[in-house]
file my_file_7.pdb (PDB, C-alpha atoms and all ligand atoms)
MODEL        1
ATOM      1  CA  MET R   1     228.490 -12.600  23.096
ATOM      2  CA  LYS R   2     230.907  -9.697  23.049
ATOM      3  CA  CYS R   3     234.566 -10.603  22.637
ATOM      4  CA  ALA R   4     237.733  -8.702  23.508
ATOM      5  CA  SER R   5     241.075 -10.418  23.050
ATOM      6  CA  LYS R   6     242.319  -9.876  26.615
ATOM      7  CA  ALA R   7     239.025 -10.528  28.423
ATOM      8  CA  GLY R   8     237.584 -13.266  26.210
ATOM      9  CA  CYS R   9     233.884 -13.452  25.336
ATOM     10  CA  VAL R  10     231.187 -12.236  27.705
ATOM     11  CA  PRO R  11     227.413 -11.645  27.501
ATOM     12  CA  GLU R  12     226.382  -8.545  25.538
ATOM     13  CA  ILE R  13     224.674  -6.966  28.544
ATOM     14  CA  GLY R  14     225.549  -7.054  32.239
ATOM     15  CA  LEU R  15     223.266  -6.477  35.211
ATOM     16  CA  GLY R  16     224.210  -3.825  37.775
ATOM     17  CA  THR R  17     223.402  -3.908  41.470
ATOM     18  CA  PHE R  18     223.937  -0.412  42.837
ATOM     19  CA  GLY R  19     220.864   0.338  44.951
ATOM     20  CA  ILE R  20     220.046  -3.346  45.421
ATOM     21  CA  GLY R  21     220.313  -4.360  49.087
ATOM     22  CA  GLY R  22     220.891  -0.764  50.185
ATOM     23  CA  ASP R  23     222.961   2.239  49.269
ATOM     24  CA  PHE R  24     226.687   2.992  49.543
ATOM     25  CA  TRP R  25     227.816   1.430  52.848
ATOM     26  CA  ARG R  26     224.200   1.194  54.031
ATOM     27  CA  ARG R  27     222.367  -2.102  54.214
ATOM     28  CA  ASP R  28     218.632  -2.263  53.580
ATOM     29  CA  ASN R  29     216.922  -5.644  53.775
ATOM     30  CA  SER R  30     213.416  -4.352  53.148
ATOM     31  CA  ARG R  31     213.279  -5.188  49.397
ATOM     32  CA  ASP R  32     215.284  -8.416  49.371
ATOM     33  CA  PHE R  33     212.478 -10.566  47.971
ATOM     34  CA  GLU R  34     211.941  -8.303  44.953
ATOM     35  CA  ALA R  35     215.699  -7.927  44.374
ATOM     36  CA  VAL R  36     216.357 -11.672  44.421
ATOM     37  CA  LYS R  37     213.390 -12.279  42.126
ATOM     38  CA  ALA R  38     214.697  -9.683  39.647
ATOM     39  CA  LEU R  39     218.269 -11.019  39.638
ATOM     40  CA  ARG R  40     217.093 -14.623  39.410
ATOM     41  CA  ARG R  41     214.872 -13.747  36.455
ATOM     42  CA  GLY R  42     217.839 -12.103  34.718
ATOM     43  CA  PHE R  43     220.040 -15.164  35.246
ATOM     44  CA  GLU R  44     217.241 -17.432  33.983
ATOM     45  CA  LEU R  45     216.924 -15.286  30.856
ATOM     46  CA  GLY R  46     220.624 -15.735  30.145
ATOM     47  CA  LEU R  47     221.992 -12.489  31.567
ATOM     48  CA  ARG R  48     225.036 -14.113  33.109
ATOM     49  CA  LEU R  49     227.254 -11.090  33.755
ATOM     50  CA  VAL R  50     226.651  -9.130  36.951
ATOM     51  CA  ASP R  51     228.425  -6.141  38.448
ATOM     52  CA  THR R  52     228.540  -5.482  42.176
ATOM     53  CA  SER R  53     230.685  -4.074  44.959
ATOM     54  CA  GLU R  54     231.480  -4.543  48.617
ATOM     55  CA  LEU R  55     230.125  -1.007  48.994
ATOM     56  CA  TYR R  56     226.652  -1.707  47.630
ATOM     57  CA  GLY R  57     224.415  -2.173  50.635
ATOM     58  CA  GLU R  58     227.517  -2.744  52.772
ATOM     59  CA  GLY R  59     228.080  -6.032  50.939
ATOM     60  CA  HIS R  60     224.396  -6.992  50.957
ATOM     61  CA  ALA R  61     224.155  -6.765  47.139
ATOM     62  CA  GLU R  62     226.805  -9.507  46.993
ATOM     63  CA  GLU R  63     224.796 -11.620  49.444
ATOM     64  CA  LEU R  64     221.667 -11.216  47.318
ATOM     65  CA  ILE R  65     223.580 -12.297  44.186
ATOM     66  CA  LYS R  66     224.594 -15.423  46.103
ATOM     67  CA  ILE R  67     220.967 -16.245  46.917
ATOM     68  CA  ALA R  68     219.674 -15.411  43.421
ATOM     69  CA  SER R  69     222.393 -17.436  41.673
ATOM     70  CA  SER R  70     222.030 -20.540  43.807
ATOM     71  CA  GLY R  71     222.332 -23.586  41.509
ATOM     72  CA  ILE R  72     223.680 -21.487  38.632
ATOM     73  CA  GLU R  73     227.231 -22.410  37.724
ATOM     74  CA  GLU R  74     228.043 -20.150  34.814
ATOM     75  CA  LEU R  75     227.967 -16.600  36.081
ATOM     76  CA  LEU R  76     230.583 -13.905  35.584
ATOM     77  CA  VAL R  77     230.680 -11.651  38.638
ATOM     78  CA  ILE R  78     232.574  -8.385  38.691
ATOM     79  CA  THR R  79     233.104  -6.970  42.152
ATOM     80  CA  LYS R  80     234.735  -3.786  43.258
ATOM     81  CA  ILE R  81     236.464  -2.982  46.481
ATOM     82  CA  HIS R  82     236.908   0.258  48.348
ATOM     83  CA  PRO R  83     240.326   1.771  47.636
ATOM     84  CA  SER R  84     240.871   2.845  51.253
ATOM     85  CA  SER R  85     244.164   0.957  51.333
ATOM     86  CA  LEU R  86     246.342  -0.482  48.595
ATOM     87  CA  GLU R  87     248.312  -2.549  51.072
ATOM     88  CA  PRO R  88     248.238  -6.115  49.596
ATOM     89  CA  GLY R  89     247.052  -7.726  52.860
ATOM     90  CA  GLU R  90     244.121  -5.298  53.098
ATOM     91  CA  VAL R  91     243.118  -5.747  49.429
ATOM     92  CA  TYR R  92     243.288  -9.519  49.921
ATOM     93  CA  LYS R  93     241.111  -9.324  53.060
ATOM     94  CA  ARG R  94     238.473  -7.206  51.327
ATOM     95  CA  LEU R  95     238.333  -9.443  48.270
ATOM     96  CA  LEU R  96     238.087 -12.512  50.496
ATOM     97  CA  GLY R  97     235.081 -10.869  52.188
ATOM     98  CA  SER R  98     233.428 -10.341  48.782
ATOM     99  CA  THR R  99     234.149 -13.937  47.754
ATOM    100  CA  GLU R 100     232.537 -15.236  50.940
ATOM    101  CA  ARG R 101     229.444 -13.066  50.534
ATOM    102  CA  LEU R 102     229.116 -14.064  46.857
ATOM    103  CA  GLY R 103     229.675 -17.745  47.613
ATOM    104  CA  ARG R 104     231.805 -17.940  44.491
ATOM    105  CA  ARG R 105     235.061 -16.643  43.100
ATOM    106  CA  PRO R 106     234.546 -13.344  41.267
ATOM    107  CA  TRP R 107     235.426 -13.375  37.592
ATOM    108  CA  MET R 108     236.865  -9.920  37.947
ATOM    109  CA  VAL R 109     237.913  -7.524  40.677
ATOM    110  CA  MET R 110     238.468  -3.786  40.471
ATOM    111  CA  LEU R 111     239.148  -0.955  42.874
ATOM    112  CA  HIS R 112     236.208   1.453  42.672
ATOM    113  CA  TRP R 113     238.468   4.340  41.717
ATOM    114  CA  VAL R 114     242.114   5.371  41.874
ATOM    115  CA  PRO R 115     242.603   6.844  45.336
ATOM    116  CA  VAL R 116     243.898  10.405  45.526
ATOM    117  CA  GLY R 117     247.665  10.545  45.851
ATOM    118  CA  TYR R 118     248.280   7.149  44.242
ATOM    119  CA  HIS R 119     249.566   6.280  40.796
ATOM    120  CA  ILE R 120     247.641   3.819  38.609
ATOM    121  CA  CYS R 121     250.630   1.452  38.902
ATOM    122  CA  ASP R 122     249.972   1.224  42.664
ATOM    123  CA  VAL R 123     246.436   0.049  41.830
ATOM    124  CA  VAL R 124     247.738  -2.466  39.293
ATOM    125  CA  LYS R 125     250.246  -3.843  41.804
ATOM    126  CA  ALA R 126     247.603  -4.274  44.512
ATOM    127  CA  LEU R 127     245.146  -6.019  42.171
ATOM    128  CA  GLU R 128     247.809  -8.207  40.531
ATOM    129  CA  SER R 129     248.793  -9.478  43.933
ATOM    130  CA  ALA R 130     245.191 -10.301  44.947
ATOM    131  CA  VAL R 131     244.491 -12.095  41.653
ATOM    132  CA  ALA R 132     247.797 -13.996  41.825
ATOM    133  CA  LYS R 133     246.589 -15.424  45.157
ATOM    134  CA  GLY R 134     243.637 -16.969  43.301
ATOM    135  CA  LEU R 135     240.820 -14.829  44.654
ATOM    136  CA  ALA R 136     239.558 -13.718  41.193
ATOM    137  CA  ASP R 137     240.203 -14.696  37.575
ATOM    138  CA  ASN R 138     241.082 -11.209  36.327
ATOM    139  CA  PHE R 139     241.289  -7.610  37.284
ATOM    140  CA  GLY R 140     240.065  -4.428  35.664
ATOM    141  CA  LEU R 141     240.244  -0.679  36.214
ATOM    142  CA  SER R 142     237.320   1.548  37.131
ATOM    143  CA  ASN R 143     236.840   5.294  36.748
ATOM    144  CA  VAL R 144     240.051   5.797  34.818
ATOM    145  CA  THR R 145     241.320   8.116  32.089
ATOM    146  CA  ALA R 146     242.958   7.006  28.834
ATOM    147  CA  SER R 147     246.373   8.075  30.105
ATOM    148  CA  GLN R 148     245.907   6.009  33.276
ATOM    149  CA  VAL R 149     244.950   2.956  31.183
ATOM    150  CA  SER R 150     247.997   3.431  28.927
ATOM    151  CA  ALA R 151     250.233   3.740  31.996
ATOM    152  CA  ALA R 152     248.619   0.670  33.584
ATOM    153  CA  LEU R 153     249.500  -1.414  30.537
ATOM    154  CA  THR R 154     253.177  -0.503  30.912
ATOM    155  CA  CYS R 155     253.512  -1.191  34.627
ATOM    156  CA  THR R 156     252.056  -4.685  34.802
ATOM    157  CA  LYS R 157     254.447  -7.382  35.959
ATOM    158  CA  ARG R 158     252.532 -10.660  36.168
ATOM    159  CA  MET R 159     249.200  -9.989  34.461
ATOM    160  CA  GLU R 160     247.448  -7.244  32.584
ATOM    161  CA  PRO R 161     244.094  -5.617  33.310
ATOM    162  CA  VAL R 162     241.465  -7.011  30.949
ATOM    163  CA  ALA R 163     238.658  -4.462  31.344
ATOM    164  CA  ILE R 164     237.765  -0.855  32.010
ATOM    165  CA  GLU R 165     234.557   0.173  33.790
ATOM    166  CA  ASN R 166     233.603   3.812  33.264
ATOM    167  CA  LYS R 167     230.441   5.858  32.971
ATOM    168  CA  TYR R 168     229.036   5.680  29.446
ATOM    169  CA  SER R 169     225.614   6.433  28.072
ATOM    170  CA  LEU R 170     224.061   8.079  25.027
ATOM    171  CA  ARG R 171     223.972  11.196  27.191
ATOM    172  CA  TYR R 172     227.561  10.774  28.439
ATOM    173  CA  ARG R 173     229.778   9.871  25.499
ATOM    174  CA  ARG R 174     233.057  11.395  26.586
ATOM    175  CA  ASP R 175     234.946   8.085  26.485
ATOM    176  CA  GLU R 176     234.305   7.742  22.734
ATOM    177  CA  LEU R 177     237.055  10.321  22.292
ATOM    178  CA  ASP R 178     239.866   8.234  23.761
ATOM    179  CA  VAL R 179     239.114   5.486  26.323
ATOM    180  CA  ILE R 180     236.875   3.352  24.085
ATOM    181  CA  PRO R 181     239.226   3.496  21.045
ATOM    182  CA  LEU R 182     242.094   2.580  23.383
ATOM    183  CA  ALA R 183     240.128  -0.374  24.788
ATOM    184  CA  GLN R 184     239.386  -1.533  21.227
ATOM    185  CA  ARG R 185     243.044  -1.256  20.172
ATOM    186  CA  GLU R 186     244.317  -3.047  23.275
ATOM    187  CA  GLY R 187     241.689  -5.815  23.347
ATOM    188  CA  LEU R 188     240.197  -4.640  26.642
ATOM    189  CA  LEU R 189     236.540  -5.021  27.483
ATOM    190  CA  TYR R 190     234.815  -1.677  28.077
ATOM    191  CA  LEU R 191     232.031  -1.950  30.652
ATOM    192  CA  GLY R 192     229.814   1.123  30.441
ATOM    193  CA  TYR R 193     227.976   1.894  33.660
ATOM    194  CA  SER R 194     224.770   3.964  33.982
ATOM    195  CA  PRO R 195     223.830   3.236  30.328
ATOM    196  CA  LEU R 196     220.246   4.399  30.936
ATOM    197  CA  GLU R 197     221.587   7.568  32.533
ATOM    198  CA  ARG R 198     220.136   6.253  35.805
ATOM    199  CA  GLY R 199     216.722   5.693  34.233
ATOM    200  CA  ALA R 200     216.398   8.997  32.330
ATOM    201  CA  LEU R 201     216.739   7.356  28.903
ATOM    202  CA  ALA R 202     213.641   5.254  29.605
ATOM    203  CA  LEU R 203     211.694   8.490  29.127
ATOM    204  CA  ASP R 204     213.466   9.633  25.965
ATOM    205  CA  SER R 205     210.880  10.381  23.260
ATOM    206  CA  PHE R 206     213.341  10.135  20.356
ATOM    207  CA  LEU R 207     214.427   6.607  21.372
ATOM    208  CA  ALA R 208     210.776   5.698  21.933
ATOM    209  CA  SER R 209     209.897   6.890  18.409
ATOM    210  CA  ILE R 210     212.644   4.726  16.879
ATOM    211  CA  GLY R 211     211.506   1.829  19.066
ATOM    212  CA  ARG R 212     207.965   1.925  17.693
ATOM    213  CA  LYS R 213     209.297   0.648  14.343
ATOM    214  CA  TYR R 214     210.615  -2.480  16.079
ATOM    215  CA  ASN R 215     207.943  -2.805  18.761
ATOM    216  CA  LYS R 216     210.656  -2.046  21.318
ATOM    217  CA  SER R 217     210.871   0.446  24.199
ATOM    218  CA  ALA R 218     213.281   3.376  24.587
ATOM    219  CA  VAL R 219     215.284   1.272  27.072
ATOM    220  CA  GLN R 220     215.596  -1.584  24.585
ATOM    221  CA  VAL R 221     216.634   0.753  21.773
ATOM    222  CA  ALA R 222     219.323   2.432  23.927
ATOM    223  CA  LEU R 223     220.787  -0.886  25.089
ATOM    224  CA  ASN R 224     220.695  -2.340  21.569
ATOM    225  CA  TRP R 225     222.563   0.733  20.299
ATOM    226  CA  TYR R 226     225.541   0.019  22.640
ATOM    227  CA  VAL R 227     225.647  -3.650  21.677
ATOM    228  CA  LYS R 228     226.807  -2.774  18.173
ATOM    229  CA  ILE R 229     229.959  -1.008  19.432
ATOM    230  CA  PRO R 230     233.003  -3.316  19.532
ATOM    231  CA  ASN R 231     234.305  -4.147  23.046
ATOM    232  CA  VAL R 232     231.488  -2.198  24.751
ATOM    233  CA  VAL R 233     229.147  -3.926  27.209
ATOM    234  CA  PRO R 234     226.509  -1.872  29.061
ATOM    235  CA  ILE R 235     226.020  -2.623  32.758
ATOM    236  CA  VAL R 236     222.402  -1.814  33.524
ATOM    237  CA  LYS R 237     220.607  -1.966  36.835
ATOM    238  CA  ALA R 238     216.992  -2.980  37.336
ATOM    239  CA  SER R 239     215.332  -3.865  40.597
ATOM    240  CA  SER R 240     212.135  -5.448  39.324
ATOM    241  CA  ALA R 241     211.624  -8.640  37.347
ATOM    242  CA  SER R 242     209.566  -6.782  34.740
ATOM    243  CA  HIS R 243     212.385  -4.295  34.092
ATOM    244  CA  VAL R 244     214.860  -7.176  33.857
ATOM    245  CA  GLU R 245     212.618  -8.915  31.315
ATOM    246  CA  GLU R 246     212.521  -5.740  29.248
ATOM    247  CA  ILE R 247     216.319  -5.508  29.420
ATOM    248  CA  ALA R 248     216.752  -9.130  28.341
ATOM    249  CA  GLN R 249     214.764  -8.331  25.197
ATOM    250  CA  SER R 250     217.215  -5.592  24.251
ATOM    251  CA  ILE R 251     219.352  -8.168  22.518
ATOM    252  CA  GLY R 252     218.724 -10.816  19.881
ATOM    253  CA  TRP R 253     217.659  -8.238  17.274
ATOM    254  CA  ALA R 254     219.419  -5.287  15.646
ATOM    255  CA  LEU R 255     218.671  -1.689  14.818
ATOM    256  CA  SER R 256     219.074  -0.974  11.117
ATOM    257  CA  GLU R 257     222.295   0.778  10.116
ATOM    258  CA  GLU R 258     220.216   3.834   9.274
ATOM    259  CA  ASP R 259     218.481   3.972  12.671
ATOM    260  CA  TRP R 260     221.752   3.324  14.515
ATOM    261  CA  LYS R 261     223.232   6.354  12.727
ATOM    262  CA  LEU R 262     220.153   8.502  13.415
ATOM    263  CA  ILE R 263     220.521   7.809  17.149
ATOM    264  CA  ASP R 264     224.260   8.476  16.926
ATOM    265  CA  LYS R 265     223.529  11.857  15.357
ATOM    266  CA  GLN R 266     220.749  12.751  17.792
ATOM    267  CA  PHE R 267     223.047  12.248  20.806
ATOM    268  CA  TYR R 268     226.308  13.298  19.137
ATOM    269  CA  ILE R 269     226.614  16.475  21.211
ATOM    270  CA  TYR R 270     227.076  14.349  24.361
ATOM    271  CA  ARG R 271     230.536  13.395  23.162
ATOM    272  CA  PHE R 272     231.577  16.905  24.085
ATOM    273  CA  GLN R 273     229.004  18.035  26.621
ATOM    274  CA  GLN R 274     229.053  16.786  30.177
ATOM    275  CA  TYR R 275     227.093  17.607  33.271
TER     276      TYR R 275
HETATM  277  N1  LIG H   1     232.252   1.502  38.639
HETATM  278  C1  LIG H   1     231.531   2.444  39.178
HETATM  279  O1  LIG H   1     232.045   3.377  39.832
HETATM  280  C2  LIG H   1     230.039   2.428  38.997
HETATM  281  C3  LIG H   1     229.313   3.619  39.218
HETATM  282  C4  LIG H   1     227.934   3.583  39.008
HETATM  283  C5  LIG H   1     227.309   2.412  38.601
HETATM  284  N2  LIG H   1     228.048   1.263  38.434
HETATM  285  C6  LIG H   1     227.379  -0.006  38.036
HETATM  286  O2  LIG H   1     226.574   0.206  36.899
HETATM  287  C7  LIG H   1     225.234  -0.211  37.168
HETATM  288  C8  LIG H   1     224.230   0.549  36.331
HETATM  289  O3  LIG H   1     224.312   1.934  36.537
HETATM  290  P1  LIG H   1     223.196   2.769  37.320
HETATM  291  O4  LIG H   1     222.507   1.890  38.308
HETATM  292  O5  LIG H   1     223.897   3.971  37.833
HETATM  293  O6  LIG H   1     222.205   3.315  36.215
HETATM  294  P2  LIG H   1     221.389   2.749  34.942
HETATM  295  O7  LIG H   1     221.610   1.311  34.755
HETATM  296  O8  LIG H   1     221.685   3.689  33.842
HETATM  297  O9  LIG H   1     219.891   3.038  35.382
HETATM  298  C9  LIG H   1     219.253   2.338  36.400
HETATM  299  C10 LIG H   1     217.836   2.901  36.497
HETATM  300  O10 LIG H   1     217.132   2.542  35.302
HETATM  301  C11 LIG H   1     215.887   1.995  35.664
HETATM  302  N3  LIG H   1     215.465   0.982  34.705
HETATM  303  C12 LIG H   1     216.039  -0.215  34.427
HETATM  304  N4  LIG H   1     215.342  -0.904  33.528
HETATM  305  C13 LIG H   1     214.278  -0.130  33.213
HETATM  306  C14 LIG H   1     213.178  -0.301  32.353
HETATM  307  N5  LIG H   1     213.068  -1.413  31.631
HETATM  308  N6  LIG H   1     212.260   0.701  32.265
HETATM  309  C15 LIG H   1     212.393   1.828  33.004
HETATM  310  N7  LIG H   1     213.433   2.044  33.855
HETATM  311  C16 LIG H   1     214.360   1.069  33.962
HETATM  312  C17 LIG H   1     216.089   1.374  37.022
HETATM  313  O11 LIG H   1     214.858   1.300  37.685
HETATM  314  P3  LIG H   1     214.506   0.130  38.737
HETATM  315  O12 LIG H   1     215.658   0.031  39.688
HETATM  316  O13 LIG H   1     213.233   0.613  39.328
HETATM  317  O14 LIG H   1     214.313  -1.160  37.967
HETATM  318  C18 LIG H   1     217.068   2.349  37.668
HETATM  319  O15 LIG H   1     216.363   3.419  38.259
HETATM  320  C19 LIG H   1     225.118  -0.012  38.698
HETATM  321  O16 LIG H   1     224.005  -0.680  39.235
HETATM  322  C20 LIG H   1     226.468  -0.535  39.137
HETATM  323  O17 LIG H   1     226.484  -1.962  39.158
HETATM  324  C21 LIG H   1     229.392   1.272  38.594
ENDMDL
END
call {"tool": "encode", "arguments": {"input": "my_file_7.pdb", "output": "structure tokens"}}
result
Amino acid sequence: MKCASKAGCVPEIGLGTFGIGGDFWRRDNSRDFEAVKALRRGFELGLRLVDTSELYGEGHAEELIKIASSGIEELLVITKIHPSSLEPGEVYKRLLGSTERLGRRPWMVMLHWVPVGYHICDVVKALESAVAKGLADNFGLSNVTASQVSAALTCTKRMEPVAIENKYSLRYRRDELDVIPLAQREGLLYLGYSPLERGALALDSFLASIGRKYNKSAVQVALNWYVKIPNVVPIVKASSASHVEEIAQSIGWALSEEDWKLIDKQFYIYRFQQY
């Protein structure tokens, strides 16, 4: 488990669902069987944290989580809603839609991003109100800067955000400069999305060479590397049961200190380089 004082303890790896059940605002039912099988396998293997959105497959990803998690009580679901309106009634309506599609109360809700022209405190206010009405346990902030997180922590009235969800991978380490240290200081969970750089790290020969020492794949080495960082939880997407099985075996073992540092050094440039 990974613990952060504000969020509590959560599984060390979360499953993502972007591309499952369709694309942004576009439903696709054609691969439902495979998607449900993959998610179900992940839940069976103890991956009990899942990230989704009302946008993914026009809500169909949420429906597939409902089917795959049938009979499973302990499951932490993070969902995100489109920030088209911060009007409390609209945020409530959208979150209610997600709750119905999921068939359970989300553990956490976020707005996908801070809409242009709004202050982070407007986002906090909208989410606080939805959570206060009992539609989710917590709220978090997605696609935010360190200064927005700091501001968010000063403008809360009833409850604080407990997590940040930003892009973070060995090839996109920008948040190590400020957002991750801030999350660690403030006891916030840091959910890193696209930790395989959308699949590219599966092909990384350096990670594969380290993995050979442990009989692990490049994917397993990358995910294990994040697990060692306090407060950080990678959110990784896989749409086949075999990929999910590989992901589940990323934890329960540890890279040596020496190998962890070698990987750190190999990808160090990505703290400063973005594309
Ligand atoms: N908050 C936000 O704005 C935001 C933005 C982006 C993403 N997210 C969340 O973060 C999640 C993860 O990010 P992501 O989907 O962008 O990228 P990712 O997790 O870095 O990469 C997903 C890709 O890796 C592949 N993969 C997974 N396991 C593999 C394995 N064992 N071997 C080889 N390839 C493997 C997947 O292939 P298959 O699909 O074929 O298994 C998929 O193509 C999303 O699904 C979503 O829930 C949030």
call {"tool": "closest_residue", "arguments": {"input": "my_file_7.pdb", "among": "R:Phe43, R:Tyr56, R:Tyr193, R:Phe24", "to": "ligand LIG 1 (chain H)", "atoms": "only C-alpha atoms and all ligand atoms"}}
result
R:Tyr193
call {"tool": "resolve_selection", "arguments": {"input": "my_file_7.pdb", "expression": "the PyMOL selection byres (((not hetatm)) within 7 of (chain H and resi 1))", "output": "VMD selection string"}}
result
chain R and resid 15 to 19 51 to 52 112 to 113 142 to 143 165 to 167 193 to 199 202 219 235 to 240 243 to 244 246 to 247
call {"tool": "atom_distance", "arguments": {"input": "my_file_7.pdb", "atom1": "atom CA of R:Gly140", "atom2": "atom CA of R:Met1"}}
result
18.9 Å
call {"tool": "atom_distance", "arguments": {"input": "my_file_7.pdb", "atom1": "atom CA of R:Ala68", "atom2": "atom CA of R:Arg40"}}
result
4.8 Å
call {"tool": "residues_around", "arguments": {"input": "my_file_7.pdb", "residues": "stretch 154-157 of chain R", "least_positions_apart": "5", "cutoff": "12 Å", "atoms": "all atoms listed in the file", "output": "ChimeraX atom specification"}}
result
/R:119-129,132,139,147-149,162,186
call {"tool": "write_last_selection", "arguments": {"input": "my_file_7.pdb", "atoms": "C-alpha atoms", "output": "short mmCIF file (atom, residue, chain, number, x, y, z; two decimals), keeping the file's coordinate frame"}}
result
data_model
loop_
_atom_site.label_atom_id
_atom_site.label_comp_id
_atom_site.auth_asym_id
_atom_site.auth_seq_id
_atom_site.Cartn_x
_atom_site.Cartn_y
_atom_site.Cartn_z
CA HIS R 119 249.57 6.28 40.80
CA ILE R 120 247.64 3.82 38.61
CA CYS R 121 250.63 1.45 38.90
CA ASP R 122 249.97 1.22 42.66
CA VAL R 123 246.44 0.05 41.83
CA VAL R 124 247.74 -2.47 39.29
CA LYS R 125 250.25 -3.84 41.80
CA ALA R 126 247.60 -4.27 44.51
CA LEU R 127 245.15 -6.02 42.17
CA GLU R 128 247.81 -8.21 40.53
CA SER R 129 248.79 -9.48 43.93
CA ALA R 132 247.80 -14.00 41.82
CA PHE R 139 241.29 -7.61 37.28
CA SER R 147 246.37 8.07 30.10
CA GLN R 148 245.91 6.01 33.28
CA VAL R 149 244.95 2.96 31.18
CA VAL R 162 241.46 -7.01 30.95
CA GLU R 186 244.32 -3.05 23.28
#
call {"tool": "residues_near_point", "arguments": {"input": "my_file_7.pdb", "point": "(228.0, 10.2, 19.9)", "cutoff": "9 Å", "atoms": "all atoms listed in the file", "output": "list in words"}}
result
Leu170, Arg171, Tyr172, Arg173, Arg174, Glu176, Ile263, Asp264, Lys265, Gln266, Phe267, Tyr268, Ile269, Tyr270, Arg271 and Phe272 of chain R
call {"tool": "atom_distance", "arguments": {"input": "my_file_7.pdb", "atom1": "atom CA of R:Arg101", "atom2": "atom CA of R:His60"}}
result
7.9 Å
call {"tool": "closest_residue", "arguments": {"input": "my_file_7.pdb", "among": "R:Ala130, R:Ala208, R:Leu75, R:Ala218", "to": "R:Pro88", "atoms": "all atoms listed in the file"}}
result
R:Ala130
call {"tool": "axis_aligned_box", "arguments": {"input": "my_file_7.pdb", "around": "stretch 162-176 of chain R", "padding_each_side": "5 Å", "output": "JSON"}}
result
{"center_x": 232.7, "center_y": 2.2, "center_z": 28.3, "size_x": 27.5, "size_y": 28.4, "size_z": 21.1}
call {"tool": "residues_around", "arguments": {"input": "my_file_7.pdb", "residues": "R:Gln184", "least_positions_apart": "2", "cutoff": "10 Å", "atoms": "only C-alpha atoms", "output": "ChimeraX atom specification"}}
result
/R:4-5,179-182,186-190,229-232
call {"tool": "closest_residue", "arguments": {"input": "my_file_7.pdb", "among": "R:Pro83, R:Glu160, R:Ile65, R:Leu135", "to": "R:Gly97", "atoms": "all atoms listed in the file"}}
result
R:Leu135
call {"tool": "residues_near_point", "arguments": {"input": "my_file_7.pdb", "point": "(214.1, -9.2, 49.8)", "cutoff": "12 Å", "atoms": "all atoms listed in the file", "output": "PyMOL selection string"}}
result
chain R and resi 20-22+27-39+60-61+63-65+67-68+239-240
call {"tool": "write_last_selection", "arguments": {"input": "my_file_7.pdb", "atoms": "C-alpha atoms", "output": "mmCIF file, keeping the file's coordinate frame"}}
result
data_model
loop_
_atom_site.group_PDB
_atom_site.id
_atom_site.type_symbol
_atom_site.label_atom_id
_atom_site.label_comp_id
_atom_site.auth_asym_id
_atom_site.auth_seq_id
_atom_site.Cartn_x
_atom_site.Cartn_y
_atom_site.Cartn_z
ATOM 1 C CA ILE R 20 220.046 -3.346 45.421
ATOM 2 C CA GLY R 21 220.313 -4.360 49.087
ATOM 3 C CA GLY R 22 220.891 -0.764 50.185
ATOM 4 C CA ARG R 27 222.367 -2.102 54.214
ATOM 5 C CA ASP R 28 218.632 -2.263 53.580
ATOM 6 C CA ASN R 29 216.922 -5.644 53.775
ATOM 7 C CA SER R 30 213.416 -4.352 53.148
ATOM 8 C CA ARG R 31 213.279 -5.188 49.397
ATOM 9 C CA ASP R 32 215.284 -8.416 49.371
ATOM 10 C CA PHE R 33 212.478 -10.566 47.971
ATOM 11 C CA GLU R 34 211.941 -8.303 44.953
ATOM 12 C CA ALA R 35 215.699 -7.927 44.374
ATOM 13 C CA VAL R 36 216.357 -11.672 44.421
ATOM 14 C CA LYS R 37 213.390 -12.279 42.126
ATOM 15 C CA ALA R 38 214.697 -9.683 39.647
ATOM 16 C CA LEU R 39 218.269 -11.019 39.638
ATOM 17 C CA HIS R 60 224.396 -6.992 50.957
ATOM 18 C CA ALA R 61 224.155 -6.765 47.139
ATOM 19 C CA GLU R 63 224.796 -11.620 49.444
ATOM 20 C CA LEU R 64 221.667 -11.216 47.318
ATOM 21 C CA ILE R 65 223.580 -12.297 44.186
ATOM 22 C CA ILE R 67 220.967 -16.245 46.917
ATOM 23 C CA ALA R 68 219.674 -15.411 43.421
ATOM 24 C CA SER R 239 215.332 -3.865 40.597
ATOM 25 C CA SER R 240 212.135 -5.448 39.324
#
call {"tool": "decode", "arguments": {"input": "my_file_7.pdb", "residues": "stretch 7-13 of chain R", "atoms": "N, CA and C atoms", "output": "tab-separated table (two decimals), in the first residue's frame"}}
result
chain	number	residue	atom	x	y	z
R	7	ALA	N	-4.83	11.43	2.11
R	7	ALA	CA	-5.63	10.50	1.31
R	7	ALA	C	-5.80	9.14	1.97
R	8	GLY	N	-4.93	8.82	2.92
R	8	GLY	CA	-4.95	7.48	3.52
R	8	GLY	C	-4.09	6.54	2.68
R	9	CYS	N	-4.32	5.23	2.85
R	9	CYS	CA	-3.50	4.23	2.16
R	9	CYS	C	-4.25	3.65	0.97
R	10	VAL	N	-3.56	3.54	-0.14
R	10	VAL	CA	-4.18	3.04	-1.37
R	10	VAL	C	-3.25	2.01	-2.01
R	11	PRO	N	-3.74	1.21	-2.96
R	11	PRO	CA	-2.85	0.26	-3.64
R	11	PRO	C	-1.70	0.98	-4.35
R	12	GLU	N	-0.60	0.27	-4.51
R	12	GLU	CA	0.62	0.89	-5.07
R	12	GLU	C	0.54	1.20	-6.55
R	13	ILE	N	-0.42	0.56	-7.22
R	13	ILE	CA	-0.61	0.79	-8.66
R	13	ILE	C	-2.12	0.91	-8.93
